[in-house]
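Okay, so here's the structure we're looking at.
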Amino acid sequence: MAQTIETDEEENSYDKNDAMSDDDVCVSGHIDISDDGNSAGTDGGVSQRGIKRQKGMKVGPKVIVESSAKCKSVVWEHFDKVPRPSKEDPTVEVIMAQCKYCKKFFSYNKDNGGATSHLLRHYSKACPDYKVAMAKVASQTLLNFQPSNASDTGIPVLQSSREYSQEEAKKLIAKMLICHDYPFKMVEHTWFNIVMKYLNPRYEFIGRKTIRKECMKVFESERDSLMKVLKGVDNIALTTDLWTSNQTLSYMCLVAHFIDKDWNMQCRVLNFVELDPPHSGNVISQAVFECVAAWKIEGKIISITLDNAANNDVAIRNLKAMFAARSSYCFVPKYFHVRFCAHIINLVVTDGTATITPLTINVRESVKYIKKSVSRLHKFVEICRSLAITVGEGLKLDVTTRWNSTYHMLRTAIAYRDALDSYSDSDANYKWKPSNDEWALFNTVTPILASLAEVSTAFSGSTYPTSNIFYPHIVNVKIALKEACDSKNPPLKVMGEAMMDKFNKYWEEPNNVMVIATILDPRYKLKYIKWGFRMIYEQGKALAEYNLIDIELTKLYETYDMHHRHEKADSYRSGASSSSTVDISSSLPSSASQFTSYLNETSLETSKNELLKYLDEENESLLNKKFDVLLWWRLNAHRYHVIAKMAKNFLSIPATSVSSESTFSTGGQVLDDYRRSLKPAMVEALVCASSWIKGAHNDNKVSLGPEPDDADDVEFIPFPKSMVGSN
């Protein structure tokens, strides 16, 4: 007689482990009990105590408990029911239980209750072959797959000798969901469970609510680990930005940048918090400071990189006052605010490229028109082939908010200039043919556009230092603009002057953070600054600016040097007090201790030539494309104790807030239409935990520079492969 157990559905989610005992799991949702509602360990039975334990627990919308033998007791995973001749009457067959491991037979009388306790005792305690089999399973529970780049990712390779742990498996699954932005419901997918059960028969079903709780546990655990890491960091640079989700909720992202003791660049999302409007400077500054205070790193902040919104100016003034009262000697107020350089470049480009706007519009609309139809793409490729134009993989369509993509779109399209001209003659509906003058103008301004595209790409990194490469790229842009301003070509001259005016406007307030960071790159040093000033300034101004930088660098070095000597003095006094009770050998003269004190005192005097020594040494080659500035400092820090501390601070400062914006990209994946019900606390947990896990496992592997691929900036419109292949 079937019994029906109904429970309220909660959030359309159930957990099989929450609903059923660990001893007997019925995948089909049916539990076999005897006709009288009791079971004494019958075939597939579940004890009455087991049934009572399920009452009030979370199960699916409806579970049918039937008297059928669809569910088996756990012992039948280790025994087979085999017909055997009866000892009393060999002509009669009886059902016996055969151990799958040692192949011994045991009595089994279904008509007499079908007791299985003796079977349980055998395989769990007495069967030697079972123990051997389980040891073999244990050695295979964690597959020893090692990807080709396992040593590069920092992810530990699991050893085959480790015992299987359901708790550890649950934690790893939670980290997988967090890092790859998988939905919680994935753990309930049929084939996910089939795969997991195949990999390890002892894997147990995990429900979505259980894994959601596990994700929060991972978040809390990783947060504690990061706090320990930050405790050992001397100084931290911040980036922050605001964003609005598809739920019209506003979020603020706060990211920490620092160089660890091994001279590796580290980047961690500290907070991803909901920020209520209005987003005034006071609100932003208060939110940032509260987040920093919660991490207990107020005294370690040296800079913050923000975009150029007006409300951020107020926020900077407030934060500068807050941190100045709490920070160390490394905090220099005039270095605190780093303007978002990529935004400035985009503003310069927007104003300066107005002369090529007609060409940009025509090319953009041409690409849109051709890509809308396969027949148009075929026709365009046929025209290219008839004109003997080498057909590449396809065209590119820009993202209007990214200047890089516009440049790449134009650079790709110019190769098909003649094909576009011919296409306009064969298609009456095509109305966006660029003129010869527009193409000629693009060729003229290409040097400026290329330099601007290059600097935008270089500033897009968050896992390699950008402060040291900022100024060389800016010098490159200024040289291109200066040449344009001196050009006799009127359109180029107008464009160069417009860009130069905008460029100078945004750097009216001097901030030499990036200049000093460039000096601390052994490829550039002070020699590059002297050369760069000569290239972009008049002779008199170049000399004046160089002298100011030289004085500023010397004063900064003296500050770090003084602190270094104080640290050594404290260390000496601590060492002297701890060794004061040690007896000096009677064989030494009485003046030995005085001479030892003299040596320690003189060792406190840092060489005044350390800065000069660094600057006078030969520069590292700029032709070495694999040069790693952080690796160089790790190998040479013992030679330049003071300069190394300066380098660790200034090289950690990012030139842009790209790291914050990339976090918002992750947030966009989290806050999709299927997860609109996620609360802000869960959003923060997923976004932050992802950053912490990847950072700890070095998924965000530090690179030496930006990748040349611009796939993220443009939409690629491929040509038909059949036609390209036959080209």
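In the structure tokens, the first chain shown is A, the next is B, and so on; residue numbers restart at 1 for each chain, and ligands run from 1 in the order shown.
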message: Can you tell me, as a PyMOL selection string, which residues in segment 220-285 of chain A count as helix (DSSP H, G or I) by DSSP?
response: chain A and resi 220-231+281-285
field: Spatial neighbours of Val233 of chain A, max dist 12 Å, only C-alpha atoms, sep filter under 6 positions, as a PyMOL selection string
entry: chain A and resi 226-227+256-263+265-266+296-297+299-301+648-649+652
Based on the selection just made, write N, CA and C atoms of those residues as an mmCIF file, in the first residue's frame.
data_model
loop_
_atom_site.group_PDB
_atom_site.id
_atom_site.type_symbol
_atom_site.label_atom_id
_atom_site.label_comp_id
_atom_site.auth_asym_id
_atom_site.auth_seq_id
_atom_site.Cartn_x
_atom_site.Cartn_y
_atom_site.Cartn_z
ATOM 1 N N LEU A 226 43.154 35.694 2.935
ATOM 2 C CA LEU A 226 43.635 36.947 2.341
ATOM 3 C C LEU A 226 44.016 37.956 3.419
ATOM 4 N N MET A 227 43.273 37.978 4.512
ATOM 5 C CA MET A 227 43.608 38.899 5.597
ATOM 6 C C MET A 227 44.995 38.594 6.154
ATOM 7 N N ALA A 256 42.737 45.706 -4.637
ATOM 8 C CA ALA A 256 44.052 45.953 -4.046
ATOM 9 C C ALA A 256 45.146 45.440 -4.968
ATOM 10 N N HIS A 257 46.200 46.239 -5.122
ATOM 11 C CA HIS A 257 47.372 45.855 -5.914
ATOM 12 C C HIS A 257 48.597 45.943 -5.011
ATOM 13 N N PHE A 258 49.405 44.912 -5.014
ATOM 14 C CA PHE A 258 50.620 44.932 -4.212
ATOM 15 C C PHE A 258 51.619 43.939 -4.785
ATOM 16 N N ILE A 259 52.864 44.107 -4.402
ATOM 17 C CA ILE A 259 53.932 43.196 -4.805
ATOM 18 C C ILE A 259 54.341 42.407 -3.571
ATOM 19 N N ASP A 260 54.293 41.091 -3.674
ATOM 20 C CA ASP A 260 54.541 40.259 -2.502
ATOM 21 C C ASP A 260 56.042 40.120 -2.233
ATOM 22 N N LYS A 261 56.373 39.338 -1.220
ATOM 23 C CA LYS A 261 57.764 39.191 -0.789
ATOM 24 C C LYS A 261 58.634 38.537 -1.856
ATOM 25 N N ASP A 262 58.019 37.808 -2.784
ATOM 26 C CA ASP A 262 58.762 37.165 -3.867
ATOM 27 C C ASP A 262 58.774 38.001 -5.137
ATOM 28 N N TRP A 263 58.352 39.242 -5.019
ATOM 29 C CA TRP A 263 58.326 40.175 -6.138
ATOM 30 C C TRP A 263 57.390 39.710 -7.260
ATOM 31 N N MET A 265 53.556 40.399 -8.815
ATOM 32 C CA MET A 265 52.440 41.333 -8.791
ATOM 33 C C MET A 265 51.169 40.601 -8.396
ATOM 34 N N GLN A 266 50.459 41.149 -7.419
ATOM 35 C CA GLN A 266 49.230 40.543 -6.934
ATOM 36 C C GLN A 266 48.086 41.529 -7.078
ATOM 37 N N LYS A 296 41.536 46.194 7.801
ATOM 38 C CA LYS A 296 42.598 46.636 8.718
ATOM 39 C C LYS A 296 43.895 46.957 7.976
ATOM 40 N N ILE A 297 43.755 47.700 6.866
ATOM 41 C CA ILE A 297 44.923 48.070 6.065
ATOM 42 C C ILE A 297 44.984 49.586 5.862
ATOM 43 N N GLY A 299 46.658 51.838 7.291
ATOM 44 C CA GLY A 299 48.010 52.381 7.334
ATOM 45 C C GLY A 299 48.907 51.929 6.209
ATOM 46 N N LYS A 300 48.375 51.158 5.254
ATOM 47 C CA LYS A 300 49.199 50.612 4.168
ATOM 48 C C LYS A 300 48.863 51.193 2.798
ATOM 49 N N ILE A 301 47.850 52.037 2.724
ATOM 50 C CA ILE A 301 47.410 52.573 1.431
ATOM 51 C C ILE A 301 48.353 53.681 0.993
ATOM 52 N N LYS A 648 59.328 48.583 -5.114
ATOM 53 C CA LYS A 648 58.188 47.732 -4.761
ATOM 54 C C LYS A 648 56.917 48.553 -4.594
ATOM 55 N N ASN A 649 57.036 49.765 -4.075
ATOM 56 C CA ASN A 649 55.856 50.610 -3.886
ATOM 57 C C ASN A 649 55.371 51.226 -5.197
ATOM 58 N N SER A 652 53.910 48.904 -7.963
ATOM 59 C CA SER A 652 52.619 48.281 -7.650
ATOM 60 C C SER A 652 51.444 49.180 -7.997
#
message: With distances taken over only C-alpha atoms, which residue among A:Leu651, A:Ile302, A:Val283, A:Ile474 lies nearest Phe323 of chain A?
response: A:Ile302
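You will find atom CA of Lys396 of chain A at 29.3 Å from atom CA of Asn489 of chain A.
For the atom pair formed by atom CA of Ala354 of chain A and atom CA of Ile479 of chain A, the distance is 20.3 Å, given to one decimal.
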field: Å distance separating atom CA of Tyr182 of chain A from atom CA of Cys267 of chain A, one decimal place
entry: 22.8 Å
Quick one: residues within 12 Å of Leu556 of chain A, only C-alpha atoms, excluding same-chain residues fewer than 6 positions away - as an mmCIF file with N, CA and C atoms, in the first residue's frame?
data_model
loop_
_atom_site.group_PDB
_atom_site.id
_atom_site.type_symbol
_atom_site.label_atom_id
_atom_site.label_comp_id
_atom_site.auth_asym_id
_atom_site.auth_seq_id
_atom_site.Cartn_x
_atom_site.Cartn_y
_atom_site.Cartn_z
ATOM 1 N N TYR A 329 55.504 56.403 6.346
ATOM 2 C CA TYR A 329 56.340 57.349 5.609
ATOM 3 C C TYR A 329 56.165 57.195 4.103
ATOM 4 N N CYS A 330 55.684 56.035 3.661
ATOM 5 C CA CYS A 330 55.520 55.791 2.224
ATOM 6 C C CYS A 330 54.351 56.568 1.626
ATOM 7 N N PHE A 331 53.470 57.052 2.478
ATOM 8 C CA PHE A 331 52.319 57.802 1.971
ATOM 9 C C PHE A 331 52.747 59.231 1.672
ATOM 10 N N VAL A 332 52.700 59.593 0.391
ATOM 11 C CA VAL A 332 53.026 60.953 -0.044
ATOM 12 C C VAL A 332 51.760 61.538 -0.664
ATOM 13 N N TYR A 335 51.286 61.994 -4.377
ATOM 14 C CA TYR A 335 51.287 60.787 -5.195
ATOM 15 C C TYR A 335 50.014 59.964 -5.007
ATOM 16 N N ASN A 512 54.139 63.051 -10.553
ATOM 17 C CA ASN A 512 55.299 62.371 -11.115
ATOM 18 C C ASN A 512 55.409 60.917 -10.691
ATOM 19 N N VAL A 513 54.291 60.303 -10.266
ATOM 20 C CA VAL A 513 54.312 58.900 -9.875
ATOM 21 C C VAL A 513 54.849 58.027 -11.005
ATOM 22 N N ILE A 516 58.647 58.591 -11.791
ATOM 23 C CA ILE A 516 59.534 57.922 -10.834
ATOM 24 C C ILE A 516 59.509 56.412 -11.051
ATOM 25 N N ILE A 549 62.635 66.965 -11.429
ATOM 26 C CA ILE A 549 62.516 65.521 -11.191
ATOM 27 C C ILE A 549 63.719 65.009 -10.417
ATOM 28 N N ASP A 550 64.907 65.500 -10.756
ATOM 29 C CA ASP A 550 66.121 65.073 -10.068
ATOM 30 C C ASP A 550 66.056 65.419 -8.581
ATOM 31 N N MET A 562 66.299 57.310 5.288
ATOM 32 C CA MET A 562 66.216 57.594 6.718
ATOM 33 C C MET A 562 65.420 56.515 7.443
ATOM 34 N N HIS A 563 64.305 56.114 6.844
ATOM 35 C CA HIS A 563 63.502 55.064 7.470
ATOM 36 C C HIS A 563 64.272 53.748 7.507
ATOM 37 N N LEU A 611 71.829 55.342 -4.613
ATOM 38 C CA LEU A 611 71.029 55.885 -5.705
ATOM 39 C C LEU A 611 71.902 56.178 -6.916
ATOM 40 N N VAL A 642 67.469 50.207 -0.303
ATOM 41 C CA VAL A 642 66.549 51.355 -0.250
ATOM 42 C C VAL A 642 65.798 51.504 -1.560
ATOM 43 N N ILE A 643 66.521 51.452 -2.672
ATOM 44 C CA ILE A 643 65.883 51.622 -3.985
ATOM 45 C C ILE A 643 64.876 50.507 -4.228
ATOM 46 N N LYS A 645 62.950 49.068 -2.034
ATOM 47 C CA LYS A 645 61.704 49.406 -1.347
ATOM 48 C C LYS A 645 60.907 50.439 -2.132
ATOM 49 N N MET A 646 61.592 51.400 -2.706
ATOM 50 C CA MET A 646 60.918 52.390 -3.550
ATOM 51 C C MET A 646 60.288 51.713 -4.757
ATOM 52 N N ALA A 647 61.035 50.807 -5.389
ATOM 53 C CA ALA A 647 60.533 50.125 -6.581
ATOM 54 C C ALA A 647 59.302 49.283 -6.259
ATOM 55 N N PHE A 650 56.286 51.835 -5.949
ATOM 56 C CA PHE A 650 55.875 52.571 -7.143
ATOM 57 C C PHE A 650 55.477 51.645 -8.285
#
